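Novice: Structure in structure tokens, see below.
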Amino acid sequence: MKVLIVDDSIVYRSAISQALETVPGIIIAKSVSNGELAVKYLQDNADIDLITLDMEMPVLDGMETIRQVRKFNRHVTIIVFSSFTKKGAERTIKALSIGADDFVEKVEGTGSIEGSISMIRKELVPRIEALQKRSFSREQIENTIKDNISGGVEIENIVMNMSLKPKLICLGCSTGGPEALTSIFKTITENLTIPMVIVQHMPPMFTQKLAEMLDKLSPIEVREAQHGDTIRAGLCLIAPGDYHMEITPELKVKLNQDEKVCFVRPAVDVLFKSISRNFTGQVLSIILTGMGDDGANGCIELKKRGAYQFIQDESSCIVWGMPGAVSRTGINPTTLKLDQFGKLLNLVSKRV
């Protein structure tokens, strides 16, 4: 796998290069200092598999680099390095919605070059491995979605055959989630008559910015959850970064910083299991694109309560880890393409 490193800091370019050069199968093809040089290099070298991209650069910044690269190259994987600031979080969410595949925290001042290399290797390598294992490239994913709009499973029949109208929608996602959620919320035309709760694996500040972005895309009110919130129709709550979110029997939101589950906090399993324990109405669950297997155990518990369960199909996922894990549980969830989820939510909301 050939990697292009794009960062205006020579120290960070060196650290990324040293972190990756000992990983089997990775070849550092080139390191450049700004997006303009990266775009030119990619135009002449179409065999690059992955780009690590700094967001804050002179000449051509990360955001504009993504836009220009995606005009002529849809297959290359892009992982952005993001600063954990309010501005950094906002830009990263935007980057993920326009074509970046994942992001890694850019920690400044770790104390030593060895510390920086260790941090980069720990955070970056698992993402590279997960993204490179995917069965479909971004270009194939987009072509599949384009070719299959309104195809596949008949959503009308699914909703018509629901014996009970769902009283709660719960959704989990990770890698590729912001882009998938953006696609879904853009197609929601109904002000949901059902509460909705979401876990997206992200750090603090990022979940707030994600909620703010999604809030502008549909009639649904979307915001980051706060401890004590009451779930209600028309409101979508997103678990805040670094906090597990649970639903209490009183239909209140409970936030905590208990131990990580499936190596993450917030965890889909924590939310789904709390819903299984405490929510008495009919539930509809959705697992979208994401790395790892978080959500699988929670879906098993929801199945025992008779939940309607859906997963995103492999051909439209950036990473099929989470939906694939649910598929392997044997609970037989309904598999939908990404473009079908908005229609599902519209029809469920209108169902009497």
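For the structure tokens, the naming scheme is as follows: chains receive sequential letters (A, B, ...) according to their order of presentation, residues are indexed from 1 within each chain, and ligands are indexed from 1 in presentation order.
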Write out as CSV a residue-level contact list of stretch 262-320 of chain A versus stretch 154-172 of chain A with cut-off 9 Å: for each qualifying residue the closest pair of atoms and the distance in Å to one decimal, counting only C-alpha atoms, rows sorted by chain and residue number upward.
Specialist:
residue,atom,partner,partner_atom,distance
A:Ala267,CA,A:Gly172,CA,8.4
A:Val268,CA,A:Gly172,CA,5.6
A:Asp269,CA,A:Gly172,CA,8.8
A:Leu271,CA,A:Cys170,CA,8.3
A:Phe272,CA,A:Cys170,CA,7.4
A:Ile275,CA,A:Cys170,CA,8.7
A:Phe279,CA,A:Leu168,CA,8.6
A:Gly281,CA,A:Lys167,CA,5.7
A:Gln282,CA,A:Pro166,CA,4.7
A:Val283,CA,A:Leu168,CA,5.0
A:Leu284,CA,A:Ile169,CA,4.9
A:Ser285,CA,A:Cys170,CA,4.9
A:Ile286,CA,A:Leu171,CA,4.6
A:Ile287,CA,A:Gly172,CA,4.9
A:Leu288,CA,A:Gly172,CA,6.2
A:Thr289,CA,A:Gly172,CA,8.6
A:Gly290,CA,A:Gly172,CA,8.6
A:Asp294,CA,A:Gly172,CA,8.4
A:Gly295,CA,A:Gly172,CA,6.9
A:Ala307,CA,A:Pro166,CA,8.5
A:Tyr308,CA,A:Pro166,CA,8.1
Novice: Tell me, as number ranges by chain, which residues lie within 12 Å of A:Gln68, counting only C-alpha atoms; anything in the same chain fewer than 3 positions away does not count.
Specialist: A: 35-40, 42-43, 60-65, 71-74, 98-100
Novice: Take the residues just selected and output them with C-alpha atoms as a PDB file, in the first residue's frame.
Specialist:
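The result, stored in out_9.pdb:
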ATOM      1  CA  GLY A  35      -2.375  20.495  -0.493  1.00  0.00           C
ATOM      2  CA  GLU A  36      -1.416  22.009  -3.836  1.00  0.00           C
ATOM      3  CA  LEU A  37       1.670  19.789  -4.023  1.00  0.00           C
ATOM      4  CA  ALA A  38      -0.444  16.813  -2.954  1.00  0.00           C
ATOM      5  CA  VAL A  39      -3.018  17.380  -5.712  1.00  0.00           C
ATOM      6  CA  LYS A  40      -0.302  17.672  -8.363  1.00  0.00           C
ATOM      7  CA  LEU A  42      -1.808  12.538  -7.139  1.00  0.00           C
ATOM      8  CA  GLN A  43      -2.602  13.667 -10.667  1.00  0.00           C
ATOM      9  CA  LEU A  60      -4.094  24.875  -0.078  1.00  0.00           C
ATOM     10  CA  ASP A  61      -5.610  23.694   3.183  1.00  0.00           C
ATOM     11  CA  GLY A  62      -6.979  20.235   3.955  1.00  0.00           C
ATOM     12  CA  MET A  63     -10.624  21.042   3.193  1.00  0.00           C
ATOM     13  CA  GLU A  64      -9.949  22.385  -0.276  1.00  0.00           C
ATOM     14  CA  THR A  65      -7.481  19.562  -0.924  1.00  0.00           C
ATOM     15  CA  LYS A  71     -12.984  15.660  -8.403  1.00  0.00           C
ATOM     16  CA  PHE A  72     -10.573  13.273 -10.123  1.00  0.00           C
ATOM     17  CA  ASN A  73      -9.811  10.508  -7.624  1.00  0.00           C
ATOM     18  CA  ARG A  74     -12.590   8.676  -5.771  1.00  0.00           C
ATOM     19  CA  ILE A  98     -17.353  15.820   1.792  1.00  0.00           C
ATOM     20  CA  GLY A  99     -15.061  12.856   1.234  1.00  0.00           C
ATOM     21  CA  ALA A 100     -12.560  12.146   4.023  1.00  0.00           C
TER      22      ALA A 100
END
Novice: Can I get the residues of stretch 173-224 of chain A within 10 Å of stretch 326-341 of chain A, each with the closest pair of atoms and their distance in Å to one decimal, using only C-alpha atoms, sorted chain first then ascending number, as a Markdown table?
Specialist:
| residue | atom | partner | partner_atom | distance |
| --- | --- | --- | --- | --- |
| A:Ala180 | CA | A:Leu338 | CA | 7.0 |
| A:Leu181 | CA | A:Leu338 | CA | 9.2 |
| A:Ser183 | CA | A:Asp339 | CA | 7.4 |
| A:Ile184 | CA | A:Phe341 | CA | 6.2 |
| A:Phe185 | CA | A:Phe341 | CA | 9.1 |
| A:Thr187 | CA | A:Asp339 | CA | 8.4 |
| A:Ile188 | CA | A:Phe341 | CA | 8.9 |
Novice: What does the file look like for those residues with C-alpha atoms, as an mmCIF file, in the first residue's frame?
Specialist:
data_model
loop_
_atom_site.group_PDB
_atom_site.id
_atom_site.type_symbol
_atom_site.label_atom_id
_atom_site.label_comp_id
_atom_site.auth_asym_id
_atom_site.auth_seq_id
_atom_site.Cartn_x
_atom_site.Cartn_y
_atom_site.Cartn_z
ATOM 1 C CA ALA A 180 -23.720 8.293 6.083
ATOM 2 C CA LEU A 181 -25.774 10.328 8.555
ATOM 3 C CA SER A 183 -26.809 11.364 3.378
ATOM 4 C CA ILE A 184 -29.731 10.041 5.445
ATOM 5 C CA PHE A 185 -30.755 13.316 7.087
ATOM 6 C CA THR A 187 -33.488 12.795 2.562
ATOM 7 C CA ILE A 188 -35.688 13.039 5.676
#
Novice: Enter the distance from atom CA of A:Val261 to atom CA of A:Ala296, in Å, rounded to one decimal.
Specialist: 11.8 Å
Novice: Considering only C-alpha atoms, tabulate each residue of stretch 83-132 of chain A that lies at most 12 Å from stretch 21-26 of chain A along with its nearest interatomic pair and the corresponding distance in Å to one decimal; arrange the rows by chain and ascending residue number and present them as CSV.
Specialist:
residue,atom,partner,partner_atom,distance
A:Ile117,CA,A:Glu21,CA,10.9
A:Ser118,CA,A:Thr22,CA,11.9
A:Ile120,CA,A:Glu21,CA,12.0
A:Arg121,CA,A:Val23,CA,9.0
A:Lys122,CA,A:Val23,CA,11.6
A:Leu124,CA,A:Val23,CA,11.1
A:Val125,CA,A:Val23,CA,8.1
A:Pro126,CA,A:Val23,CA,10.9
A:Ile128,CA,A:Ile26,CA,9.8
A:Glu129,CA,A:Val23,CA,10.3
A:Gln132,CA,A:Gly25,CA,11.0
Novice: From the options A:Glu250, A:Asp54, A:Asp44, A:Asp101, which residue's atoms come nearest to A:Asp229, counting only C-alpha atoms?
Specialist: A:Glu250
Novice: Could you tell me, as a ChimeraX atom specification, which residues of stretch 62-252 of chain A DSSP assigns to helix (DSSP H, G or I) when given the backbone?
Specialist: /A:62-72,86-98,113-132,138-147,155-160,177-186,206-215
Novice: DSSP on the backbone, then: every residue of stretch 113-339 of chain A marked strand (DSSP E), written as a PDB file with N, CA and C atoms, in the first residue's frame.
Specialist:
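Output file part-v2.pdb is given in full below:
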ATOM      1  N   LEU A 168     -39.521   4.310  19.302  1.00  0.00           N
ATOM      2  CA  LEU A 168     -38.171   4.834  19.506  1.00  0.00           C
ATOM      3  C   LEU A 168     -37.268   4.308  18.400  1.00  0.00           C
ATOM      4  N   ILE A 169     -36.440   5.209  17.849  1.00  0.00           N
ATOM      5  CA  ILE A 169     -35.432   4.821  16.863  1.00  0.00           C
ATOM      6  C   ILE A 169     -34.069   4.988  17.516  1.00  0.00           C
ATOM      7  N   CYS A 170     -33.259   3.933  17.476  1.00  0.00           N
ATOM      8  CA  CYS A 170     -31.895   4.020  18.017  1.00  0.00           C
ATOM      9  C   CYS A 170     -30.912   3.624  16.926  1.00  0.00           C
ATOM     10  N   LEU A 171     -29.808   4.356  16.837  1.00  0.00           N
ATOM     11  CA  LEU A 171     -28.885   4.200  15.719  1.00  0.00           C
ATOM     12  C   LEU A 171     -27.452   4.256  16.218  1.00  0.00           C
ATOM     13  N   GLY A 172     -26.604   3.401  15.640  1.00  0.00           N
ATOM     14  CA  GLY A 172     -25.190   3.383  15.991  1.00  0.00           C
ATOM     15  C   GLY A 172     -24.312   3.379  14.757  1.00  0.00           C
ATOM     16  N   CYS A 173     -23.169   4.109  14.817  1.00  0.00           N
ATOM     17  CA  CYS A 173     -22.241   4.134  13.689  1.00  0.00           C
ATOM     18  C   CYS A 173     -20.870   4.609  14.160  1.00  0.00           C
ATOM     19  N   MET A 196     -35.552   9.842  18.646  1.00  0.00           N
ATOM     20  CA  MET A 196     -34.402   9.186  18.012  1.00  0.00           C
ATOM     21  C   MET A 196     -33.163   9.439  18.851  1.00  0.00           C
ATOM     22  N   VAL A 197     -32.350   8.407  19.045  1.00  0.00           N
ATOM     23  CA  VAL A 197     -31.093   8.531  19.785  1.00  0.00           C
ATOM     24  C   VAL A 197     -29.978   7.901  18.960  1.00  0.00           C
ATOM     25  N   ILE A 198     -28.804   8.549  18.976  1.00  0.00           N
ATOM     26  CA  ILE A 198     -27.685   8.116  18.133  1.00  0.00           C
ATOM     27  C   ILE A 198     -26.403   8.038  18.950  1.00  0.00           C
ATOM     28  N   VAL A 199     -25.637   6.984  18.708  1.00  0.00           N
ATOM     29  CA  VAL A 199     -24.246   6.916  19.170  1.00  0.00           C
ATOM     30  C   VAL A 199     -23.350   6.890  17.942  1.00  0.00           C
ATOM     31  N   GLN A 200     -22.512   7.907  17.818  1.00  0.00           N
ATOM     32  CA  GLN A 200     -21.463   7.975  16.803  1.00  0.00           C
ATOM     33  C   GLN A 200     -20.146   8.046  17.551  1.00  0.00           C
ATOM     34  N   GLU A 221     -35.205  18.164  14.941  1.00  0.00           N
ATOM     35  CA  GLU A 221     -34.309  18.871  15.847  1.00  0.00           C
ATOM     36  C   GLU A 221     -33.226  17.888  16.296  1.00  0.00           C
ATOM     37  N   VAL A 222     -31.987  18.226  16.034  1.00  0.00           N
ATOM     38  CA  VAL A 222     -30.852  17.368  16.394  1.00  0.00           C
ATOM     39  C   VAL A 222     -29.931  18.147  17.320  1.00  0.00           C
ATOM     40  N   ARG A 223     -29.575  17.557  18.452  1.00  0.00           N
ATOM     41  CA  ARG A 223     -28.606  18.202  19.334  1.00  0.00           C
ATOM     42  C   ARG A 223     -27.869  17.156  20.170  1.00  0.00           C
ATOM     43  N   GLU A 224     -26.750  17.591  20.726  1.00  0.00           N
ATOM     44  CA  GLU A 224     -25.979  16.723  21.608  1.00  0.00           C
ATOM     45  C   GLU A 224     -26.753  16.533  22.913  1.00  0.00           C
ATOM     46  N   LEU A 235     -37.340  14.900  18.316  1.00  0.00           N
ATOM     47  CA  LEU A 235     -36.019  15.245  18.837  1.00  0.00           C
ATOM     48  C   LEU A 235     -35.054  14.080  18.644  1.00  0.00           C
ATOM     49  N   CYS A 236     -33.892  14.388  18.087  1.00  0.00           N
ATOM     50  CA  CYS A 236     -32.822  13.403  17.927  1.00  0.00           C
ATOM     51  C   CYS A 236     -31.656  13.815  18.812  1.00  0.00           C
ATOM     52  N   LEU A 237     -31.258  12.940  19.722  1.00  0.00           N
ATOM     53  CA  LEU A 237     -30.170  13.210  20.649  1.00  0.00           C
ATOM     54  C   LEU A 237     -28.954  12.363  20.294  1.00  0.00           C
ATOM     55  N   ILE A 238     -27.784  13.006  20.235  1.00  0.00           N
ATOM     56  CA  ILE A 238     -26.529  12.324  19.935  1.00  0.00           C
ATOM     57  C   ILE A 238     -25.697  12.236  21.210  1.00  0.00           C
ATOM     58  N   HIS A 244     -20.861   7.589  27.915  1.00  0.00           N
ATOM     59  CA  HIS A 244     -21.888   6.620  27.564  1.00  0.00           C
ATOM     60  C   HIS A 244     -23.253   7.269  27.759  1.00  0.00           C
ATOM     61  N   MET A 245     -24.204   6.909  26.901  1.00  0.00           N
ATOM     62  CA  MET A 245     -25.567   7.410  27.038  1.00  0.00           C
ATOM     63  C   MET A 245     -26.509   6.232  27.275  1.00  0.00           C
ATOM     64  N   GLU A 246     -27.362   6.366  28.284  1.00  0.00           N
ATOM     65  CA  GLU A 246     -28.368   5.356  28.583  1.00  0.00           C
ATOM     66  C   GLU A 246     -29.742   6.021  28.646  1.00  0.00           C
ATOM     67  N   ILE A 247     -30.786   5.223  28.456  1.00  0.00           N
ATOM     68  CA  ILE A 247     -32.166   5.677  28.606  1.00  0.00           C
ATOM     69  C   ILE A 247     -32.740   5.033  29.872  1.00  0.00           C
ATOM     70  N   VAL A 253     -32.402  10.796  29.763  1.00  0.00           N
ATOM     71  CA  VAL A 253     -31.035  10.477  29.357  1.00  0.00           C
ATOM     72  C   VAL A 253     -30.135  10.451  30.579  1.00  0.00           C
ATOM     73  N   LYS A 254     -29.351   9.385  30.698  1.00  0.00           N
ATOM     74  CA  LYS A 254     -28.365   9.267  31.758  1.00  0.00           C
ATOM     75  C   LYS A 254     -26.988   9.170  31.108  1.00  0.00           C
ATOM     76  N   LEU A 255     -26.100  10.072  31.467  1.00  0.00           N
ATOM     77  CA  LEU A 255     -24.736  10.067  30.943  1.00  0.00           C
ATOM     78  C   LEU A 255     -23.768   9.615  32.018  1.00  0.00           C
ATOM     79  N   ASN A 256     -22.754   8.841  31.627  1.00  0.00           N
ATOM     80  CA  ASN A 256     -21.746   8.428  32.597  1.00  0.00           C
ATOM     81  C   ASN A 256     -20.414   8.204  31.894  1.00  0.00           C
ATOM     82  N   VAL A 283     -39.324  -0.821  19.400  1.00  0.00           N
ATOM     83  CA  VAL A 283     -38.055  -0.173  19.064  1.00  0.00           C
ATOM     84  C   VAL A 283     -37.650  -0.513  17.637  1.00  0.00           C
ATOM     85  N   LEU A 284     -37.050   0.446  16.958  1.00  0.00           N
ATOM     86  CA  LEU A 284     -36.434   0.215  15.643  1.00  0.00           C
ATOM     87  C   LEU A 284     -34.962   0.579  15.772  1.00  0.00           C
ATOM     88  N   SER A 285     -34.081  -0.377  15.478  1.00  0.00           N
ATOM     89  CA  SER A 285     -32.640  -0.126  15.603  1.00  0.00           C
ATOM     90  C   SER A 285     -31.969  -0.150  14.234  1.00  0.00           C
ATOM     91  N   ILE A 286     -30.921   0.669  14.107  1.00  0.00           N
ATOM     92  CA  ILE A 286     -30.154   0.770  12.865  1.00  0.00           C
ATOM     93  C   ILE A 286     -28.673   0.778  13.202  1.00  0.00           C
ATOM     94  N   ILE A 287     -27.903  -0.053  12.510  1.00  0.00           N
ATOM     95  CA  ILE A 287     -26.440  -0.019  12.626  1.00  0.00           C
ATOM     96  C   ILE A 287     -25.872   0.326  11.253  1.00  0.00           C
ATOM     97  N   TYR A 308     -37.517  -4.109  15.672  1.00  0.00           N
ATOM     98  CA  TYR A 308     -37.276  -4.137  14.231  1.00  0.00           C
ATOM     99  C   TYR A 308     -35.826  -3.712  14.033  1.00  0.00           C
ATOM    100  N   GLN A 309     -35.041  -4.533  13.330  1.00  0.00           N
ATOM    101  CA  GLN A 309     -33.602  -4.267  13.265  1.00  0.00           C
ATOM    102  C   GLN A 309     -33.098  -4.193  11.827  1.00  0.00           C
ATOM    103  N   PHE A 310     -32.270  -3.173  11.577  1.00  0.00           N
ATOM    104  CA  PHE A 310     -31.762  -2.901  10.239  1.00  0.00           C
ATOM    105  C   PHE A 310     -30.258  -2.639  10.300  1.00  0.00           C
ATOM    106  N   ILE A 311     -29.553  -3.073   9.254  1.00  0.00           N
ATOM    107  CA  ILE A 311     -28.128  -2.769   9.123  1.00  0.00           C
ATOM    108  C   ILE A 311     -27.859  -2.262   7.708  1.00  0.00           C
ATOM    109  N   GLN A 312     -26.796  -1.495   7.575  1.00  0.00           N
ATOM    110  CA  GLN A 312     -26.374  -1.005   6.270  1.00  0.00           C
ATOM    111  C   GLN A 312     -25.653  -2.110   5.519  1.00  0.00           C
ATOM    112  N   THR A 334     -32.684  -6.846   8.883  1.00  0.00           N
ATOM    113  CA  THR A 334     -32.961  -6.483   7.492  1.00  0.00           C
ATOM    114  C   THR A 334     -31.823  -5.605   6.982  1.00  0.00           C
ATOM    115  N   THR A 335     -31.280  -5.940   5.832  1.00  0.00           N
ATOM    116  CA  THR A 335     -30.156  -5.205   5.255  1.00  0.00           C
ATOM    117  C   THR A 335     -30.657  -4.218   4.204  1.00  0.00           C
ATOM    118  N   LEU A 336     -30.275  -2.952   4.367  1.00  0.00           N
ATOM    119  CA  LEU A 336     -30.669  -1.905   3.430  1.00  0.00           C
ATOM    120  C   LEU A 336     -29.444  -1.185   2.883  1.00  0.00           C
TER     121      LEU A 336
END
Novice: Skip A:Met205 itself and residues of its chain fewer than 4 positions away, then list as a list of chain:residue names all residues within 8 Å of it, counting only C-alpha atoms.
Specialist: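 Close residues of A:Met205: A:Phe84, A:Thr85, A:Lys86, A:Ala89, A:Lys209, A:Pro240, A:Gly241.
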Novice: Residues at most 10 Å from A:Ile93, counting only C-alpha atoms, excluding those fewer than 6 positions away in the same chain, as a ChimeraX atom specification?
Specialist: /A:82,100,102-103,178-179,206-211,213
Novice: Grab the atom CA of A:Ser14 to atom CA of A:Arg91 distance for me, in Å with one decimal place.
Specialist: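 Separation between atom CA of A:Ser14 and atom CA of A:Arg91: 24.2 Å.
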